[in-house]
$ cat query08.cif   # mmCIF, C-alpha atoms
data_structure
loop_
_atom_site.label_atom_id
_atom_site.label_comp_id
_atom_site.auth_asym_id
_atom_site.auth_seq_id
_atom_site.Cartn_x
_atom_site.Cartn_y
_atom_site.Cartn_z
CA MET A 1 0.00 0.00 0.00
CA GLY A 2 1.33 3.43 -0.92
CA VAL A 3 1.53 6.34 1.49
CA GLY A 4 -1.72 7.64 0.04
CA GLY A 5 -3.56 4.39 0.76
CA GLU A 6 -6.98 4.59 2.40
CA MET A 7 -6.96 3.65 6.10
CA PHE A 8 -9.67 5.99 7.36
CA LYS A 9 -13.41 6.24 7.93
CA VAL A 10 -15.27 8.49 5.50
CA PRO A 11 -17.81 10.75 7.26
CA SER A 12 -21.47 10.06 6.52
CA GLY A 13 -22.64 11.89 3.41
CA LYS A 14 -19.11 12.40 2.14
CA VAL A 15 -16.90 10.59 -0.36
CA PRO A 16 -13.13 9.92 -0.30
CA LEU A 17 -11.17 12.89 -1.61
CA LYS A 18 -9.72 12.35 -5.05
CA TYR A 19 -6.27 12.05 -6.57
CA GLN A 20 -5.37 13.62 -9.90
CA SER A 21 -5.27 11.44 -13.01
CA THR A 22 -2.37 13.19 -14.76
CA LYS A 23 0.51 15.52 -13.92
CA PHE A 24 -1.59 18.51 -14.94
CA ASP A 25 -5.07 18.32 -13.37
CA CYS A 26 -4.29 19.21 -9.74
CA VAL A 27 -6.33 22.43 -9.86
CA PRO A 28 -9.70 20.99 -10.95
CA ILE A 29 -9.26 18.05 -8.57
CA VAL A 30 -8.49 20.40 -5.66
CA PHE A 31 -11.60 22.46 -6.46
CA LEU A 32 -13.72 19.28 -6.52
CA ASN A 33 -12.14 18.10 -3.26
CA ALA A 34 -12.93 21.46 -1.68
CA LEU A 35 -16.61 20.99 -2.51
CA ASN A 36 -16.58 17.39 -1.30
CA TYR A 37 -15.04 18.53 1.97
CA LEU A 38 -17.52 21.38 2.51
CA PHE A 39 -20.74 19.74 1.25
CA ASP A 40 -22.45 16.39 1.30
CA THR A 41 -22.63 14.76 -2.11
CA GLN A 42 -26.35 15.42 -2.59
CA GLU A 43 -25.82 19.14 -1.97
CA ILE A 44 -23.39 19.74 -4.87
CA PRO A 45 -25.08 20.92 -8.10
CA PRO A 46 -23.86 19.15 -11.28
CA GLU A 47 -23.55 22.55 -13.00
CA VAL A 48 -20.83 23.56 -10.52
CA ILE A 49 -18.79 20.46 -11.35
CA GLN A 50 -19.28 21.07 -15.07
CA ARG A 51 -18.09 24.70 -14.85
CA ILE A 52 -14.99 23.85 -12.83
CA MET A 53 -13.92 21.25 -15.38
CA LEU A 54 -14.75 23.61 -18.25
CA TYR A 55 -12.64 26.51 -16.99
CA CYS A 56 -9.58 24.55 -15.81
CA LEU A 57 -6.65 23.21 -17.88
CA ASP A 58 -6.73 26.38 -19.96
CA THR A 59 -3.06 26.34 -20.97
CA ILE A 60 -1.31 25.30 -24.17
CA SER A 61 2.20 23.80 -24.20
CA LYS A 62 4.96 25.00 -26.53
CA ASN A 63 4.04 22.04 -28.76
CA GLY A 64 0.42 23.16 -28.99
CA GLU A 65 -0.89 20.55 -26.55
CA TYR A 66 -3.96 21.75 -24.69
CA GLY A 67 -3.82 21.60 -20.89
CA LYS A 68 -0.22 20.41 -20.64
CA ARG A 69 0.87 23.41 -18.61
CA GLY A 70 -1.90 22.95 -16.08
CA THR A 71 -4.33 25.71 -15.08
CA THR A 72 -3.59 29.43 -14.93
CA GLY A 73 -4.14 31.71 -11.96
CA LEU A 74 -6.51 33.70 -14.18
CA ALA A 75 -8.72 30.61 -14.52
CA CYS A 76 -8.66 30.06 -10.75
CA GLU A 77 -9.71 33.66 -10.16
CA PHE A 78 -12.50 33.32 -12.72
CA ILE A 79 -13.83 30.16 -11.03
CA ILE A 80 -13.88 31.97 -7.66
CA GLN A 81 -15.83 34.85 -9.22
CA TRP A 82 -18.24 32.43 -10.89
CA LEU A 83 -18.81 30.51 -7.64
CA ASN A 84 -19.60 33.75 -5.81
CA GLN A 85 -22.13 34.77 -8.46
CA TYR A 86 -23.66 31.28 -8.61
CA SER A 87 -24.03 31.28 -4.83
CA LYS A 88 -25.92 34.58 -4.92
CA ARG A 89 -28.46 33.05 -7.31
CA ASN A 90 -28.88 29.74 -5.47
CA ASN A 91 -29.96 29.73 -1.85
CA ASP A 92 -29.32 25.98 -1.55
CA PHE A 93 -25.63 26.31 -2.40
CA CYS A 94 -24.20 29.21 -0.43
CA LEU A 95 -20.49 29.96 -0.57
CA GLU A 96 -18.15 32.78 0.33
CA CYS A 97 -15.06 32.76 -1.88
CA GLU A 98 -11.98 34.93 -2.22
CA TYR A 99 -8.89 34.88 -4.46
CA ILE A 100 -5.81 36.37 -2.81
CA THR A 101 -2.35 36.97 -4.22
CA GLY A 102 1.05 38.47 -3.45
CA GLU A 103 1.51 40.03 -0.03
CA GLU A 104 -1.92 38.83 1.12
CA VAL A 105 -0.56 35.26 1.09
CA HIS A 106 1.44 34.74 4.27
CA LEU A 107 1.31 32.91 7.62
CA ARG A 108 1.95 35.81 9.96
CA ASN A 109 -0.57 36.78 12.63
CA ASN A 110 -4.14 37.35 11.46
CA ASN A 111 -3.56 35.87 8.00
CA LYS A 112 -6.57 35.14 5.80
CA LEU A 113 -5.74 31.51 5.10
CA VAL A 114 -5.78 30.37 8.73
CA ARG A 115 -8.84 32.56 9.44
CA TYR A 116 -10.76 30.72 6.74
CA ILE A 117 -9.56 27.32 7.97
CA ASN A 118 -10.48 28.09 11.57
CA GLY A 119 -13.88 29.29 10.33
CA GLY A 120 -14.64 25.91 8.76
CA GLY A 121 -13.44 26.81 5.27
CA VAL A 122 -10.61 25.60 3.06
CA GLY A 123 -7.65 27.08 1.23
CA LEU A 124 -6.65 26.01 -2.27
CA CYS A 125 -2.96 26.80 -2.16
CA SER A 126 -0.48 27.19 -4.98
CA VAL A 127 2.94 25.92 -3.90
CA SER A 128 6.28 25.36 -5.58
CA SER A 129 6.74 21.73 -6.60
CA ASP A 130 10.51 21.92 -6.99
CA ARG A 131 13.51 24.20 -6.44
CA THR A 132 13.64 25.57 -9.97
CA GLY A 133 10.52 27.74 -9.84
CA LYS A 134 9.31 26.23 -13.12
CA MET A 135 6.54 24.06 -11.68
CA TYR A 136 3.71 24.86 -9.29
CA HIS A 137 1.18 22.54 -7.67
CA TYR A 138 -2.16 22.99 -5.89
CA LEU A 139 -2.99 21.57 -2.45
CA LEU A 140 -6.18 21.69 -0.37
CA CYS A 141 -5.63 23.06 3.15
CA THR A 142 -8.21 21.82 5.67
CA LYS A 143 -6.58 22.28 9.09
CA ALA A 144 -4.01 24.46 10.86
CA ASP A 145 -2.20 24.47 14.19
CA ASN A 146 0.67 26.48 15.65
CA ASN A 147 3.37 24.55 13.79
CA TYR A 148 1.81 22.92 10.75
CA LEU A 149 -0.82 23.28 8.07
CA TYR A 150 -2.60 20.12 6.95
CA PHE A 151 -3.42 19.40 3.32
CA PHE A 152 -4.97 16.90 1.00
CA ASP A 153 -2.35 16.58 -1.74
CA PRO A 154 -3.98 15.26 -4.93
CA TYR A 155 -0.66 13.91 -6.20
CA TYR A 156 -0.52 10.24 -5.18
CA ARG A 157 2.78 9.34 -3.52
CA HIS A 158 4.20 5.83 -3.28
CA GLN A 159 7.03 6.77 -0.91
CA HIS A 160 7.53 9.03 2.07
CA TYR A 161 9.61 12.18 1.74
CA ARG A 162 13.38 11.98 2.20
CA LYS A 163 15.68 14.43 3.91
CA PRO A 164 15.93 17.36 3.90
CA ASP A 165 12.24 17.63 2.88
CA SER A 166 11.17 15.09 5.54
CA ASP A 167 12.14 17.63 8.21
CA TYR A 168 9.25 19.81 7.00
CA LEU A 169 6.82 17.47 5.18
CA GLU A 170 5.11 14.38 6.54
CA CYS A 171 2.71 12.03 4.76
CA ILE A 172 -0.39 10.95 6.70
CA ARG A 173 -2.64 8.09 5.64
CA ASP A 174 -5.15 7.60 8.45
CA GLU A 175 -7.22 10.78 8.02
CA TRP A 176 -10.03 11.49 5.58
CA SER A 177 -9.53 15.24 5.20
CA TYR A 178 -5.74 15.45 4.82
CA ASN A 179 -2.81 13.27 3.80
CA LEU A 180 0.07 15.69 4.33
CA LYS A 181 1.29 18.14 6.91
CA VAL A 182 3.72 20.92 6.04
CA SER A 183 5.55 23.09 8.54
CA ARG A 184 4.71 26.77 8.60
CA GLU A 185 8.42 27.47 8.26
CA ARG A 186 8.62 25.67 4.92
CA LEU A 187 5.35 27.01 3.56
CA ASP A 188 6.09 30.68 4.13
CA LEU A 189 9.54 30.64 2.54
CA ALA A 190 9.99 33.23 -0.20
CA THR A 191 12.38 30.91 -2.04
CA TYR A 192 11.60 27.91 -4.24
CA GLU A 193 11.48 24.82 -2.04
CA LYS A 194 9.27 21.74 -2.14
CA TYR A 195 5.80 22.99 -1.16
CA SER A 196 6.77 26.54 -0.24
CA PHE A 197 4.61 29.51 -1.24
CA GLY A 198 7.69 30.90 -2.95
CA PRO A 199 8.41 34.50 -4.01
CA ILE A 200 5.80 37.02 -2.85
CA GLU A 201 4.90 38.20 -6.34
CA TYR A 202 3.89 34.69 -7.48
CA ARG A 203 1.77 33.64 -4.51
CA GLU A 204 -1.93 32.80 -4.92
CA ILE A 205 -4.61 31.10 -2.82
CA CYS A 206 -8.32 30.48 -3.39
CA LEU A 207 -10.36 30.65 -0.18
CA ILE A 208 -13.76 28.97 0.07
CA LYS A 209 -16.20 28.47 2.92
CA ARG A 210 -19.89 27.82 3.33
CA SER A 211 -22.14 30.76 4.14
CA PHE A 212 -25.34 30.15 6.03
#

$ encode --input "query08.cif" --output "structure tokens"
Amino acid sequence: MGVGGEMFKVPSGKVPLKYQSTKFDCVPIVFLNALNYLFDTQEIPPEVIQRIMLYCLDTISKNGEYGKRGTTGLACEFIIQWLNQYSKRNNDFCLECEYITGEEVHLRNNNKLVRYINGGGVGLCSVSSDRTGKMYHYLLCTKADNNYLYFFDPYYRHQHYRKPDSDYLECIRDEWSYNLKVSRERLDLATYEKYSFGPIEYREICLIKRSF
């Protein structure tokens, strides 16, 4: 069994959170996981799923291959705007969403990410996937404490992290809502490290919570 193997009880009304099918579809999967975390399955309108899949994977590679550079921040921002407008028109599916970038993305006191998490919401976080700055990845943040933030990483891992990353990243396989914890120290670095937010000017997070 890999480190992402299922060894947990799924809450009533929920489904297991999903892993991405390719190297490129982390963003739509994280959006779908956010909805599955926040809502029971019967509460999620099919139109919302359709729109998320429609607007993601909007890039074109240098060889003209559609979707092979993942999903742009512009698409993420558009989805957040669409969700807010959809929520205003549908009383049975009420959300409060926000797209934050740059200096708004940090883990200092009174930061928006942890406020959303502590308020029952989630953060869809763009992080560096390597030390080159060429690749970014999306994670779903569902929990925070004084030392770590907890994520569901849609990239399925077969092995645990090795040093030096293992000093900051730990795989977890016995929880439904997260499979990874990342130290605040690593996340808030302004340099390119595995699962850091990276340079201030490139930071972006989508914040989503239910509104009642």

$ resolve_selection --input "query08.cif" --expression "the PyMOL selection byres ((chain A and resi 42) around 12)" --output "PyMOL selection string"
chain A and resi 12-15+35-36+38-41+43-46+92-93

$ atom_distance --input "query08.cif" --atom1 "atom CA of Lys194 of chain A" --atom2 "atom CA of Arg162 of chain A"
11.4 Å

$ resolve_selection --input "query08.cif" --expression "the PyMOL selection byres ((chain A and resi 126-141) around 6)" --output "compact mmCIF listing (two decimals) with C-alpha atoms, in the coordinates of the input"
# COMPACT_ATOMS: atom_id res chain seq x y z
CA CYS A 26 -4.29 19.21 -9.74
CA VAL A 27 -6.33 22.43 -9.86
CA VAL A 30 -8.49 20.40 -5.66
CA VAL A 122 -10.61 25.60 3.06
CA GLY A 123 -7.65 27.08 1.23
CA LEU A 124 -6.65 26.01 -2.27
CA CYS A 125 -2.96 26.80 -2.16
CA THR A 142 -8.21 21.82 5.67
CA TYR A 150 -2.60 20.12 6.95
CA PHE A 151 -3.42 19.40 3.32
CA PHE A 152 -4.97 16.90 1.00
CA ASP A 153 -2.35 16.58 -1.74
CA TYR A 192 11.60 27.91 -4.24
CA GLU A 193 11.48 24.82 -2.04
CA LYS A 194 9.27 21.74 -2.14
CA TYR A 195 5.80 22.99 -1.16
CA SER A 196 6.77 26.54 -0.24
CA PHE A 197 4.61 29.51 -1.24
CA GLU A 204 -1.93 32.80 -4.92

$ closest_atom_pairs --input "query08.cif" --of "segment 29-130 of chain A" --to "segment 182-186 of chain A" --cutoff "10 Å" --atoms "all atoms listed in the file" --output "Markdown table"
| residue | atom | partner | partner_atom | distance |
| --- | --- | --- | --- | --- |
| A:His106 | CA | A:Arg184 | CA | 9.6 |
| A:Leu107 | CA | A:Arg184 | CA | 7.1 |
| A:Arg108 | CA | A:Arg184 | CA | 9.5 |

$ closest_residue --input "query08.cif" --among "A:Leu189, A:Leu17, A:Ile208, A:Val48" --to "Tyr156 of chain A" --atoms "all atoms listed in the file"
A:Leu17

$ axis_aligned_box --input "query08.cif" --around "segment 183-186 of chain A" --padding-each-side "6 Å" --output "lines of an AutoDock Vina configuration file"
center_x = 6.7
center_y = 25.3
center_z = 6.8
size_x = 15.9
size_y = 16.4
size_z = 15.7

$ closest_residue --input "query08.cif" --among "A:Ile205, A:Leu32, A:Met7, A:Leu74" --to "Val114 of chain A" --atoms "all atoms listed in the file"
A:Ile205

$ atom_distance --input "query08.cif" --atom1 "atom CA of Ser211 of chain A" --atom2 "atom CA of Leu54 of chain A"
24.6 Å

$ atom_distance --input "query08.cif" --atom1 "atom CA of Tyr66 of chain A" --atom2 "atom CA of Phe31 of chain A"
19.8 Å

$ residues_around --input "query08.cif" --residues "Gln81 of chain A" --least-positions-apart "3" --cutoff "9 Å" --atoms "all atoms listed in the file" --output "VMD selection string"
chain A and resid 76 to 78 84 to 86 97 to 99

$ resolve_selection --input "query08.cif" --expression "the PyMOL selection byres ((chain A and resi 210) around 6)" --output "PyMOL selection string"
chain A and resi 94-95+209+211

$ closest_residue --input "query08.cif" --among "A:Glu201, A:Asp58, A:Ala144, A:Gln159" --to "Asn111 of chain A" --atoms "all atoms listed in the file"
A:Ala144

$ closest_residue --input "query08.cif" --among "A:Ser61, A:Gln50, A:Gln20, A:Ser87" --to "Phe212 of chain A" --atoms "all atoms listed in the file"
A:Ser87

$ decode --input "query08.cif" --residues "segment 69-80 of chain A" --atoms "all heavy atoms" --output "compact mmCIF listing (two decimals), in the first residue's frame"
# COMPACT_ATOMS: atom_id res chain seq x y z
N ARG A 69 0.17 22.53 -19.55
CA ARG A 69 0.87 23.41 -18.61
C ARG A 69 -0.04 23.71 -17.42
O ARG A 69 0.14 24.71 -16.73
CB ARG A 69 1.32 24.70 -19.31
CG ARG A 69 2.37 24.46 -20.40
CD ARG A 69 2.87 25.76 -20.99
NE ARG A 69 3.57 26.56 -20.00
CZ ARG A 69 3.95 27.82 -20.19
NH1 ARG A 69 3.66 28.41 -21.34
NH2 ARG A 69 4.59 28.48 -19.26
N GLY A 70 -1.03 22.84 -17.24
CA GLY A 70 -1.90 22.95 -16.08
C GLY A 70 -2.97 24.02 -16.25
O GLY A 70 -3.51 24.25 -17.33
N THR A 71 -3.27 24.71 -15.14
CA THR A 71 -4.33 25.71 -15.08
C THR A 71 -3.74 27.04 -14.64
O THR A 71 -2.92 27.09 -13.72
CB THR A 71 -5.42 25.27 -14.08
OG1 THR A 71 -5.95 24.01 -14.51
CG2 THR A 71 -6.53 26.29 -13.99
N THR A 72 -4.12 28.12 -15.25
CA THR A 72 -3.59 29.43 -14.93
C THR A 72 -4.25 30.02 -13.69
O THR A 72 -5.37 29.65 -13.32
CB THR A 72 -3.79 30.42 -16.09
OG1 THR A 72 -5.20 30.62 -16.29
CG2 THR A 72 -3.17 29.89 -17.38
N GLY A 73 -3.56 30.97 -13.06
CA GLY A 73 -4.14 31.71 -11.96
C GLY A 73 -5.36 32.50 -12.40
O GLY A 73 -6.31 32.69 -11.62
N LEU A 74 -5.36 32.97 -13.65
CA LEU A 74 -6.51 33.70 -14.18
C LEU A 74 -7.76 32.82 -14.17
O LEU A 74 -8.85 33.28 -13.81
CB LEU A 74 -6.22 34.18 -15.60
CG LEU A 74 -7.31 35.01 -16.27
CD1 LEU A 74 -7.55 36.30 -15.52
CD2 LEU A 74 -6.93 35.29 -17.72
N ALA A 75 -7.59 31.54 -14.54
CA ALA A 75 -8.72 30.61 -14.52
C ALA A 75 -9.21 30.38 -13.10
O ALA A 75 -10.42 30.32 -12.85
CB ALA A 75 -8.33 29.30 -15.18
N CYS A 76 -8.28 30.25 -12.16
CA CYS A 76 -8.66 30.06 -10.75
C CYS A 76 -9.46 31.26 -10.25
O CYS A 76 -10.49 31.10 -9.57
CB CYS A 76 -7.41 29.87 -9.89
SG CYS A 76 -6.51 28.34 -10.22
N GLU A 77 -9.00 32.45 -10.58
CA GLU A 77 -9.71 33.66 -10.16
C GLU A 77 -11.10 33.71 -10.78
O GLU A 77 -12.08 34.09 -10.11
CB GLU A 77 -8.91 34.90 -10.55
CG GLU A 77 -9.53 36.20 -10.08
CD GLU A 77 -8.69 37.41 -10.41
OE1 GLU A 77 -7.75 37.29 -11.22
OE2 GLU A 77 -8.98 38.49 -9.85
N PHE A 78 -11.21 33.32 -12.04
CA PHE A 78 -12.50 33.32 -12.72
C PHE A 78 -13.47 32.34 -12.06
O PHE A 78 -14.66 32.64 -11.88
CB PHE A 78 -12.33 32.98 -14.19
CG PHE A 78 -13.60 33.10 -14.99
CD1 PHE A 78 -14.04 34.33 -15.45
CD2 PHE A 78 -14.36 31.98 -15.27
CE1 PHE A 78 -15.21 34.44 -16.17
CE2 PHE A 78 -15.53 32.08 -15.99
CZ PHE A 78 -15.96 33.30 -16.44
N ILE A 79 -12.98 31.16 -11.69
CA ILE A 79 -13.83 30.16 -11.03
C ILE A 79 -14.34 30.71 -9.69
O ILE A 79 -15.53 30.54 -9.36
CB ILE A 79 -13.06 28.85 -10.81
CG1 ILE A 79 -12.79 28.17 -12.16
CG2 ILE A 79 -13.84 27.89 -9.91
CD1 ILE A 79 -11.83 27.00 -12.08
N ILE A 80 -13.46 31.38 -8.94
CA ILE A 80 -13.88 31.97 -7.66
C ILE A 80 -14.97 33.01 -7.89
O ILE A 80 -15.99 33.05 -7.18
CB ILE A 80 -12.67 32.59 -6.94
CG1 ILE A 80 -11.72 31.49 -6.45
CG2 ILE A 80 -13.12 33.49 -5.79
CD1 ILE A 80 -12.32 30.57 -5.42
